[in-house]
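Chemist: Structure provided below as structure tokens; questions to follow.
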Protein chains: 2
Amino acid sequence: MAIRPAEQLIHKAAWLYYAHGLRQDEVANQLKISRASVAMYLRKARETGIVNISTSTQLFTDDVMARKVEDAFKLDAVWIAPENAYVADPSTDIAVLAASVFLELVKKGDRIGVAWGRTVYTIADIMSYADLQDVTVVQLCGNLGAPYSYRPDQCTMEIARRLNAKGLNFYAPLVLSTEALAQGLRAEPVIRDQLAGVSDCDLALYSVGAVDADSHLVKCGALTPAEMTALRSQGAAGVIAGQVIDANGEVLDCDYNRRVISAELASLRAIEKRLMVVQEDTKFEPLLAAIAGGLCTHLVVGAHMAERLLDHAGAASKKAS
Amino acid sequence: MAIRPAEQLIHKAAWLYYAHGLRQDEVANQLKISRASVAMYLRKARETGIVNISTSTQLFTDDVMARKVEDAFKLDAVWIAPENAYVADPSTDIAVLAASVFLELVKKGDRIGVAWGRTVYTIADIMSYADLQDVTVVQLCGNLGAPYSYRPDQCTMEIARRLNAKGLNFYAPLVLSTEALAQGLRAEPVIRDQLAGVSDCDLALYSVGAVDADSHLVKCGALTPAEMTALRSQGAAGVIAGQVIDANGEVLDCDYNRRVISAELASLRAIEKRLMVVQEDTKFEPLLAAIAGGLCTHLVVGAHMAERLLDHAGAASKKAS
DNA sequence: ACCAAGGTTTGACTTTTGTCGAGAGCCGTG
DNA sequence: CACGGCTCTCGACAAAAGTCAAACCTTGGT
């Protein structure tokens, strides 16, 4: 930096422009710089989180359907992204909504647990910047080998960066080749502390993975397609933070899970706000499993998925009566 | 309204524009309306608090001076508005800052106590809109006769309006002619409940009044200039929520105070965050009194006032040693 | 002392946004 | 059922904001 006009000037410009409502050229005059610079500073201010532009996500919770889903599944809050595309790329719609919701849920001083996956990374990627103080973002599960780009540590770091928060990574592989080694690693102080700290989180952000050949676990090489199929027949219904869960949302008793380094589901359940985001319609079963397991208090889904959830709940209650 | 496109459309437009980052003409296309309408909706969205643009007030707390004041007076947080005008009208600068700070301190579900005065009204007036849910704004003290425009109920209502919150007014005169009547009124359920509810607040916003002929109490006819002078010689040092306090920040034992309907200082002290805003440099003594009385945990002042505070603190500590 | 690299600043240009008055649809009322 | 009064809507213009390449410092290395 030249003479580090950075922070100070950016802040002043942002202040005059956004708080006082001056025009850019007025700001330029006050600060004795060119209007072009002001424009640039303002962009930086937005990118740094010095100014915060957020839009209320009310509309998406106020929806009747959202209320029904809340009631049917006893969730604290549900947001439904209207599928009836009023936006160019509907697939990012859920992510944009999720990012807004996330930012609305975060408070200063919070500790946030973040899992991994395409969904989470997409959210991180489009999330706007904020200036939360004393926020810590912790990684919920071990890392995966290189080939894939939505690595747990990347998700954690990226979100921490956007929030101006501290990122707490831990470097252990997500899955090891033997159970004994996994146990050993889990006992390692660095790892143990990290995992123990998960239950102290105020907010968790994750998605749920499908149990099929398209799963990240397969793509990353943690499991072969064949193993995945086998797990499925053993009752696997979804993947949470790298762990395979059954239809009740409990850890599936299988060799793979015993070799995984990740936060225990009990720790996750101890987190007050568990924000789950599901983009793909194909993840219906996994989502049901996650909800059944109490792994989600706050939910962001598309309209289509919401309908399926309601249908399911309706059918279930009819059968019960 | 034609077919009440209001909420829904405004919200969608705001969403596409601010969250998705589309341009106005793109939004117009999506929504099948003209760009001009979009521009109008967006303005409404901002005015309704559907979108929130806030700028961090960090710069003003990060200041060295602010830290010193915090330490010297044991305050939780201090914001200093630089007097060295880098803005056209420096007097509103403090108010703008105060409004931002206020919005930063408010949380969803909060209960907020608001006093009255020019300062408070100015803040309310320039405060941007927000969409806080479940916020209640309560009036801290009785009302004043008509002539003056910064009436307690107006301040309360205006702030409530900006926040999309519920305003809780109570209609009693600030000061009565006899002590007996005041006592009677205070015992009245409507009034008593309101006053009792003050200590449940999470945040208070007020300024401190001067004890001179310019005081609002005089201008509003609650006191004559002569009475004010008399109070001054009895030890009056400032005015908080309509009550006269002495240099220690305690209620002055005088006839006037006994006739006032207002929140007790003890209730005010029970409020976690007490945000005091002082615009005028002449209110030095009153401010000292308020601080001494523990009536302020968060403070917004101008640079000049901050200097005087520090000088005072420095002198006091020197004398002590 | 000179040069290259990196970042900042600027003026000129383009795109985007704000605004205004006119027109159009809807309602309650006489 | 025609009439103001009302708000919403639109097109066109003016204003403001965004962008870019070039000029310009500052710094650190050679």
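Each chain in the structure tokens gets a letter, A, B and so on, in the order shown; residues start at 1 in every chain, and ligands are counted from 1 in the order they appear.
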Tell me which protein, DNA and RNA residues are within 9 Å of Cys141 of chain B, counting only C-alpha atoms (C1' of nucleotides), leaving out same-chain ones fewer than 4 positions away, and put them as a PDB file with C-alpha atoms, in the first residue's frame.
Modeler:
```pdb
ATOM      1  CA  VAL B 114     -36.767   6.153  24.198  1.00  0.00           C
ATOM      2  CA  ALA B 115     -36.695   9.545  25.838  1.00  0.00           C
ATOM      3  CA  TRP B 116     -37.237  12.818  24.111  1.00  0.00           C
ATOM      4  CA  PRO B 152     -41.817  12.171  23.813  1.00  0.00           C
ATOM      5  CA  ASP B 153     -44.611  10.352  22.062  1.00  0.00           C
ATOM      6  CA  PHE B 170     -48.585   6.364  27.466  1.00  0.00           C
ATOM      7  CA  ALA B 172     -49.743  11.313  30.968  1.00  0.00           C
ATOM      8  CA  PRO B 173     -48.316  14.795  31.262  1.00  0.00           C
ATOM      9  CA  LEU B 174     -44.625  14.913  32.014  1.00  0.00           C
ATOM     10  CA  LEU B 195     -43.207   2.588  34.014  1.00  0.00           C
ATOM     11  CA  ALA B 241     -35.918  11.797  30.702  1.00  0.00           C
ATOM     12  CA  GLY B 242     -37.534  14.889  32.117  1.00  0.00           C
ATOM     13  CA  GLN B 243     -36.020  14.526  35.566  1.00  0.00           C
ATOM     14  CA  VAL B 260     -42.806  14.436  37.288  1.00  0.00           C
ATOM     15  CA  ILE B 261     -44.107  11.251  35.658  1.00  0.00           C
ATOM     16  CA  SER B 262     -41.124   9.410  34.287  1.00  0.00           C
ATOM     17  CA  ALA B 263     -39.119   6.223  34.520  1.00  0.00           C
TER      18      ALA B 263
END
```
Chemist: Could I get the residues of chain C with an atom no further than 8 Å from an atom of chain A, each paired with its nearest atom pair and that distance in Å to one decimal, using only C-alpha atoms (C1' of nucleotides), sorted by chain and residue number, as a Markdown table?
Modeler:
```
| residue | atom | partner | partner_atom | distance |
| --- | --- | --- | --- | --- |
| C:DG7 | C1' | A:Met1 | CA | 6.6 |
| C:DT8 | C1' | A:Ala2 | CA | 7.6 |
| C:DT9 | C1' | A:Ser37 | CA | 6.8 |
| C:DT10 | C1' | A:Ser34 | CA | 6.7 |
```
Chemist: Just write the chosen residues, N, CA and C atoms (P, O5', C5', C4', C3', O3' and C1' of nucleotides), as a PDB file, in the first residue's frame.
Modeler:
```
ATOM      1  P    DG C   7      -0.696  -5.250  -5.872  1.00  0.00           P
ATOM      2  O5'  DG C   7      -1.194  -3.776  -5.593  1.00  0.00           O
ATOM      3  C5'  DG C   7      -0.652  -3.065  -4.485  1.00  0.00           C
ATOM      4  C4'  DG C   7      -0.879  -1.600  -4.708  1.00  0.00           C
ATOM      5  C3'  DG C   7      -2.356  -1.253  -4.899  1.00  0.00           C
ATOM      6  O3'  DG C   7      -2.732  -0.331  -3.885  1.00  0.00           O
ATOM      7  C1'  DG C   7      -0.992  -0.217  -6.549  1.00  0.00           C
ATOM      8  P    DT C   8      -4.196   0.188  -3.810  1.00  0.00           P
ATOM      9  O5'  DT C   8      -4.061   1.654  -4.408  1.00  0.00           O
ATOM     10  C5'  DT C   8      -2.985   2.474  -3.960  1.00  0.00           C
ATOM     11  C4'  DT C   8      -3.072   3.842  -4.612  1.00  0.00           C
ATOM     12  C3'  DT C   8      -4.468   4.438  -4.673  1.00  0.00           C
ATOM     13  O3'  DT C   8      -4.379   5.786  -4.270  1.00  0.00           O
ATOM     14  C1'  DT C   8      -3.518   4.394  -6.828  1.00  0.00           C
ATOM     15  P    DT C   9      -5.601   6.716  -4.194  1.00  0.00           P
ATOM     16  O5'  DT C   9      -5.546   7.485  -5.582  1.00  0.00           O
ATOM     17  C5'  DT C   9      -4.527   8.460  -5.808  1.00  0.00           C
ATOM     18  C4'  DT C   9      -4.730   9.048  -7.178  1.00  0.00           C
ATOM     19  C3'  DT C   9      -6.128   9.630  -7.407  1.00  0.00           C
ATOM     20  O3'  DT C   9      -5.992  11.035  -7.602  1.00  0.00           O
ATOM     21  C1'  DT C   9      -5.432   8.248  -9.226  1.00  0.00           C
ATOM     22  P    DT C  10      -7.269  11.923  -7.744  1.00  0.00           P
ATOM     23  O5'  DT C  10      -7.394  11.992  -9.314  1.00  0.00           O
ATOM     24  C5'  DT C  10      -6.232  12.285 -10.109  1.00  0.00           C
ATOM     25  C4'  DT C  10      -6.536  12.068 -11.582  1.00  0.00           C
ATOM     26  C3'  DT C  10      -7.906  12.585 -12.016  1.00  0.00           C
ATOM     27  O3'  DT C  10      -7.729  13.694 -12.873  1.00  0.00           O
ATOM     28  C1'  DT C  10      -7.419  10.434 -12.935  1.00  0.00           C
TER      29       DT C  10
END
```
Chemist: At most 8 Å is the cut-off: for each residue in chain D with any atom that close to an atom of chain A, write down the nearest atom pair and the distance in Å rounded to one decimal, counting only C-alpha atoms (C1' of nucleotides), chain first then increasing number, as a tab-separated table.
Modeler:
```
residue	atom	partner	partner_atom	distance
D:DA16	C1'	A:Arg23	CA	7.9
D:DA17	C1'	A:Ala39	CA	7.4
D:DG18	C1'	A:Ala39	CA	7.4
D:DT26	C1'	A:Ala2	CA	5.9
```
Chemist: Can I get the selection written as an mmCIF file, in the first residue's frame, with N, CA and C atoms (P, O5', C5', C4', C3', O3' and C1' of nucleotides)?
Modeler:
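So part_1.cif came out as:
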```cif
data_model
loop_
_atom_site.group_PDB
_atom_site.id
_atom_site.type_symbol
_atom_site.label_atom_id
_atom_site.label_comp_id
_atom_site.auth_asym_id
_atom_site.auth_seq_id
_atom_site.Cartn_x
_atom_site.Cartn_y
_atom_site.Cartn_z
ATOM 1 P P DA D 16 -26.885 14.541 -9.981
ATOM 2 O "O5'" DA D 16 -26.447 13.022 -9.981
ATOM 3 C "C5'" DA D 16 -27.379 12.042 -9.534
ATOM 4 C "C4'" DA D 16 -26.770 10.673 -9.736
ATOM 5 C "C3'" DA D 16 -25.394 10.510 -9.105
ATOM 6 O "O3'" DA D 16 -25.503 9.433 -8.195
ATOM 7 C "C1'" DA D 16 -25.402 9.714 -11.350
ATOM 8 P P DA D 17 -24.260 8.884 -7.439
ATOM 9 O "O5'" DA D 17 -23.807 7.681 -8.362
ATOM 10 C "C5'" DA D 17 -24.736 6.626 -8.586
ATOM 11 C "C4'" DA D 17 -24.107 5.540 -9.418
ATOM 12 C "C3'" DA D 17 -22.783 4.994 -8.893
ATOM 13 O "O3'" DA D 17 -22.888 3.588 -8.948
ATOM 14 C "C1'" DA D 17 -22.530 5.702 -11.130
ATOM 15 P P DG D 18 -21.673 2.697 -8.553
ATOM 16 O "O5'" DG D 18 -21.088 2.265 -9.981
ATOM 17 C "C5'" DG D 18 -21.904 1.459 -10.816
ATOM 18 C "C4'" DG D 18 -21.139 1.081 -12.071
ATOM 19 C "C3'" DG D 18 -19.781 0.414 -11.807
ATOM 20 O "O3'" DG D 18 -19.689 -0.706 -12.691
ATOM 21 C "C1'" DG D 18 -19.502 2.291 -13.225
ATOM 22 P P DT D 26 5.050 9.837 -3.768
ATOM 23 O "O5'" DT D 26 5.274 8.337 -3.265
ATOM 24 C "C5'" DT D 26 4.204 7.415 -3.327
ATOM 25 C "C4'" DT D 26 4.691 6.052 -2.889
ATOM 26 C "C3'" DT D 26 6.002 5.967 -2.125
ATOM 27 O "O3'" DT D 26 5.798 5.144 -0.991
ATOM 28 C "C1'" DT D 26 6.089 4.580 -4.053
#
```
Chemist: Distance cut-off 7 Å, counting only C-alpha atoms - which residues of chain A neighbour chain B? Return them as a ChimeraX atom specification.
Modeler: /A:11,15,18-20,30,50-56,59,86-87,96
Chemist: Which polymer residues have any atom within 12 Å of an atom of DC13 of chain D, counting only C-alpha atoms (C1' of nucleotides), with same-chain residues fewer than 4 positions away left out, as a VMD selection string?
Modeler: chain C and resid 18 to 21
Chemist: Keeping only N, CA and C atoms (P, O5', C5', C4', C3', O3' and C1' of nucleotides), write the selected residues to a file as a compact mmCIF listing (two decimals), in the first residue's frame.
Modeler:
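Final output, saved to part_2.txt:
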```txt
# COMPACT_ATOMS: atom_id res chain seq x y z
P DG C 18 -31.78 4.23 -8.59
O5' DG C 18 -32.24 5.71 -8.97
C5' DG C 18 -31.39 6.80 -8.63
C4' DG C 18 -32.05 8.12 -9.01
C3' DG C 18 -33.45 8.32 -8.42
O3' DG C 18 -33.55 9.66 -7.96
C1' DG C 18 -33.53 8.46 -10.79
P DT C 19 -34.93 10.17 -7.34
O5' DT C 19 -35.65 10.91 -8.55
C5' DT C 19 -34.90 11.82 -9.35
C4' DT C 19 -35.81 12.47 -10.37
C3' DT C 19 -37.25 12.70 -9.90
O3' DT C 19 -37.67 13.98 -10.33
C1' DT C 19 -37.26 11.49 -11.91
P DC C 20 -38.82 14.72 -9.54
O5' DC C 20 -39.64 15.37 -10.74
C5' DC C 20 -38.97 15.75 -11.95
C4' DC C 20 -39.91 15.61 -13.12
C3' DC C 20 -41.38 15.80 -12.74
O3' DC C 20 -41.97 16.82 -13.52
C1' DC C 20 -41.08 13.79 -13.98
P DG C 21 -43.35 17.48 -13.05
O5' DG C 21 -44.20 17.46 -14.38
C5' DG C 21 -43.57 17.51 -15.67
C4' DG C 21 -44.34 16.64 -16.65
C3' DG C 21 -45.87 16.81 -16.53
O3' DG C 21 -46.43 16.82 -17.84
C1' DG C 21 -45.31 14.54 -16.21
```
Chemist: Give me, as a PyMOL selection string, the residues of segment 177-241 of chain B that a backbone DSSP run labels helix (DSSP H, G or I).
Modeler: chain B and resi 179-187+189-200+216-219+225-233
Chemist: Would you write out those residues with N, CA and C atoms, as a CSV table (one decimal), in the first residue's frame?
Modeler:
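And here is the file that came out, result.csv:
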```csv
chain,number,residue,atom,x,y,z
B,179,GLU,N,-47.8,17.4,43.7
B,179,GLU,CA,-47.2,16.2,44.0
B,179,GLU,C,-48.2,15.1,44.2
B,180,ALA,N,-49.3,15.4,44.9
B,180,ALA,CA,-50.4,14.4,45.2
B,180,ALA,C,-50.9,13.9,43.9
B,181,LEU,N,-51.2,14.7,42.9
B,181,LEU,CA,-51.8,14.3,41.7
B,181,LEU,C,-50.8,13.4,40.9
B,182,ALA,N,-49.5,13.8,41.0
B,182,ALA,CA,-48.5,13.0,40.3
B,182,ALA,C,-48.5,11.6,40.9
B,183,GLN,N,-48.5,11.5,42.2
B,183,GLN,CA,-48.5,10.2,42.9
B,183,GLN,C,-49.7,9.4,42.5
B,184,GLY,N,-50.9,10.1,42.4
B,184,GLY,CA,-52.1,9.4,42.0
B,184,GLY,C,-52.0,8.8,40.6
B,185,LEU,N,-51.5,9.6,39.8
B,185,LEU,CA,-51.3,9.1,38.4
B,185,LEU,C,-50.4,8.0,38.3
B,186,ARG,N,-49.3,8.1,39.0
B,186,ARG,CA,-48.3,7.0,38.9
B,186,ARG,C,-48.9,5.7,39.3
B,187,ALA,N,-49.8,5.8,40.2
B,187,ALA,CA,-50.4,4.6,40.8
B,187,ALA,C,-51.4,4.0,39.8
B,189,PRO,N,-53.0,2.1,37.0
B,189,PRO,CA,-52.5,0.9,36.4
B,189,PRO,C,-51.9,1.1,35.0
B,190,VAL,N,-52.5,1.8,34.1
B,190,VAL,CA,-51.9,2.0,32.8
B,190,VAL,C,-50.6,2.6,32.9
B,191,ILE,N,-50.5,3.6,33.7
B,191,ILE,CA,-49.2,4.3,33.8
B,191,ILE,C,-48.2,3.4,34.6
B,192,ARG,N,-48.7,2.8,35.6
B,192,ARG,CA,-47.7,2.0,36.5
B,192,ARG,C,-47.1,0.9,35.7
B,193,ASP,N,-47.9,0.2,34.9
B,193,ASP,CA,-47.4,-0.9,34.0
B,193,ASP,C,-46.4,-0.4,33.1
B,194,GLN,N,-46.6,0.7,32.5
B,194,GLN,CA,-45.7,1.3,31.5
B,194,GLN,C,-44.4,1.6,32.2
B,195,LEU,N,-44.4,2.2,33.3
B,195,LEU,CA,-43.2,2.6,34.0
B,195,LEU,C,-42.5,1.3,34.5
B,196,ALA,N,-43.3,0.4,35.0
B,196,ALA,CA,-42.6,-0.9,35.5
B,196,ALA,C,-41.9,-1.6,34.3
B,197,GLY,N,-42.5,-1.5,33.1
B,197,GLY,CA,-41.9,-2.2,32.0
B,197,GLY,C,-40.6,-1.6,31.5
B,198,VAL,N,-40.3,-0.5,32.0
B,198,VAL,CA,-39.0,0.2,31.6
B,198,VAL,C,-37.8,-0.6,31.9
B,199,SER,N,-37.8,-1.2,33.0
B,199,SER,CA,-36.6,-2.0,33.4
B,199,SER,C,-36.4,-3.2,32.6
B,200,ASP,N,-37.4,-3.6,31.9
B,200,ASP,CA,-37.3,-4.8,31.0
B,200,ASP,C,-36.7,-4.5,29.7
B,216,HIS,N,-35.1,22.4,27.3
B,216,HIS,CA,-36.5,22.1,26.8
B,216,HIS,C,-37.5,22.3,27.9
B,217,LEU,N,-37.1,22.0,29.1
B,217,LEU,CA,-38.1,22.1,30.2
B,217,LEU,C,-38.6,23.5,30.3
B,218,VAL,N,-37.7,24.4,30.0
B,218,VAL,CA,-38.1,25.9,30.1
B,218,VAL,C,-38.9,26.2,28.8
B,219,LYS,N,-38.4,25.8,27.7
B,219,LYS,CA,-39.1,26.2,26.4
B,219,LYS,C,-40.5,25.6,26.4
B,225,PRO,N,-37.7,30.2,33.7
B,225,PRO,CA,-36.2,30.4,33.8
B,225,PRO,C,-35.8,30.6,35.2
B,226,ALA,N,-36.6,31.3,35.9
B,226,ALA,CA,-36.3,31.6,37.3
B,226,ALA,C,-36.2,30.3,38.1
B,227,GLU,N,-37.2,29.4,37.9
B,227,GLU,CA,-37.2,28.2,38.7
B,227,GLU,C,-35.9,27.3,38.3
B,228,MET,N,-35.6,27.4,37.0
B,228,MET,CA,-34.4,26.7,36.5
B,228,MET,C,-33.2,27.2,37.2
B,229,THR,N,-33.0,28.5,37.3
B,229,THR,CA,-31.9,29.1,38.0
B,229,THR,C,-31.8,28.6,39.4
B,230,ALA,N,-33.0,28.6,40.1
B,230,ALA,CA,-33.1,28.2,41.4
B,230,ALA,C,-32.6,26.7,41.6
B,231,LEU,N,-33.1,25.9,40.7
B,231,LEU,CA,-32.7,24.5,40.7
B,231,LEU,C,-31.2,24.3,40.6
B,232,ARG,N,-30.7,25.2,39.7
B,232,ARG,CA,-29.3,25.1,39.5
B,232,ARG,C,-28.5,25.4,40.8
B,233,SER,N,-28.9,26.4,41.5
B,233,SER,CA,-28.2,26.7,42.7
B,233,SER,C,-28.5,25.6,43.8
```
Chemist: Any chance you could list, as number ranges by chain, the residues in segment 109-319 of chain A that come up strand (DSSP E) when DSSP is run on the backbone?
Modeler: A: 111-114, 136-139, 166-168, 203-206, 236-240, 243-246, 273-277, 298-302
Chemist: Just the residues within 7 Å of segment 294-298 of chain A, please, counting only C-alpha atoms (C1' of nucleotides), with nothing from its chain fewer than 4 positions along; format it as number ranges by chain.
Modeler: A: 75-78, 268-269, 273-276, 290
Chemist: Write a file of the just-selected residues containing C-alpha atoms, as a PDB file, in the first residue's frame.
Modeler:
```pdb
ATOM      1  CA  LEU A  75     -38.820 -26.997  12.414  1.00  0.00           C
ATOM      2  CA  ASP A  76     -37.960 -23.577  13.787  1.00  0.00           C
ATOM      3  CA  ALA A  77     -37.997 -21.860  10.439  1.00  0.00           C
ATOM      4  CA  VAL A  78     -38.329 -22.771   6.791  1.00  0.00           C
ATOM      5  CA  LEU A 268     -24.256 -31.279  15.874  1.00  0.00           C
ATOM      6  CA  ARG A 269     -27.586 -31.670  17.619  1.00  0.00           C
ATOM      7  CA  LYS A 273     -29.391 -23.335  15.039  1.00  0.00           C
ATOM      8  CA  ARG A 274     -28.778 -25.982  12.428  1.00  0.00           C
ATOM      9  CA  LEU A 275     -29.283 -24.533   8.986  1.00  0.00           C
ATOM     10  CA  MET A 276     -29.715 -27.140   6.306  1.00  0.00           C
ATOM     11  CA  ALA A 290     -31.686 -35.679   8.327  1.00  0.00           C
TER      12      ALA A 290
END
```
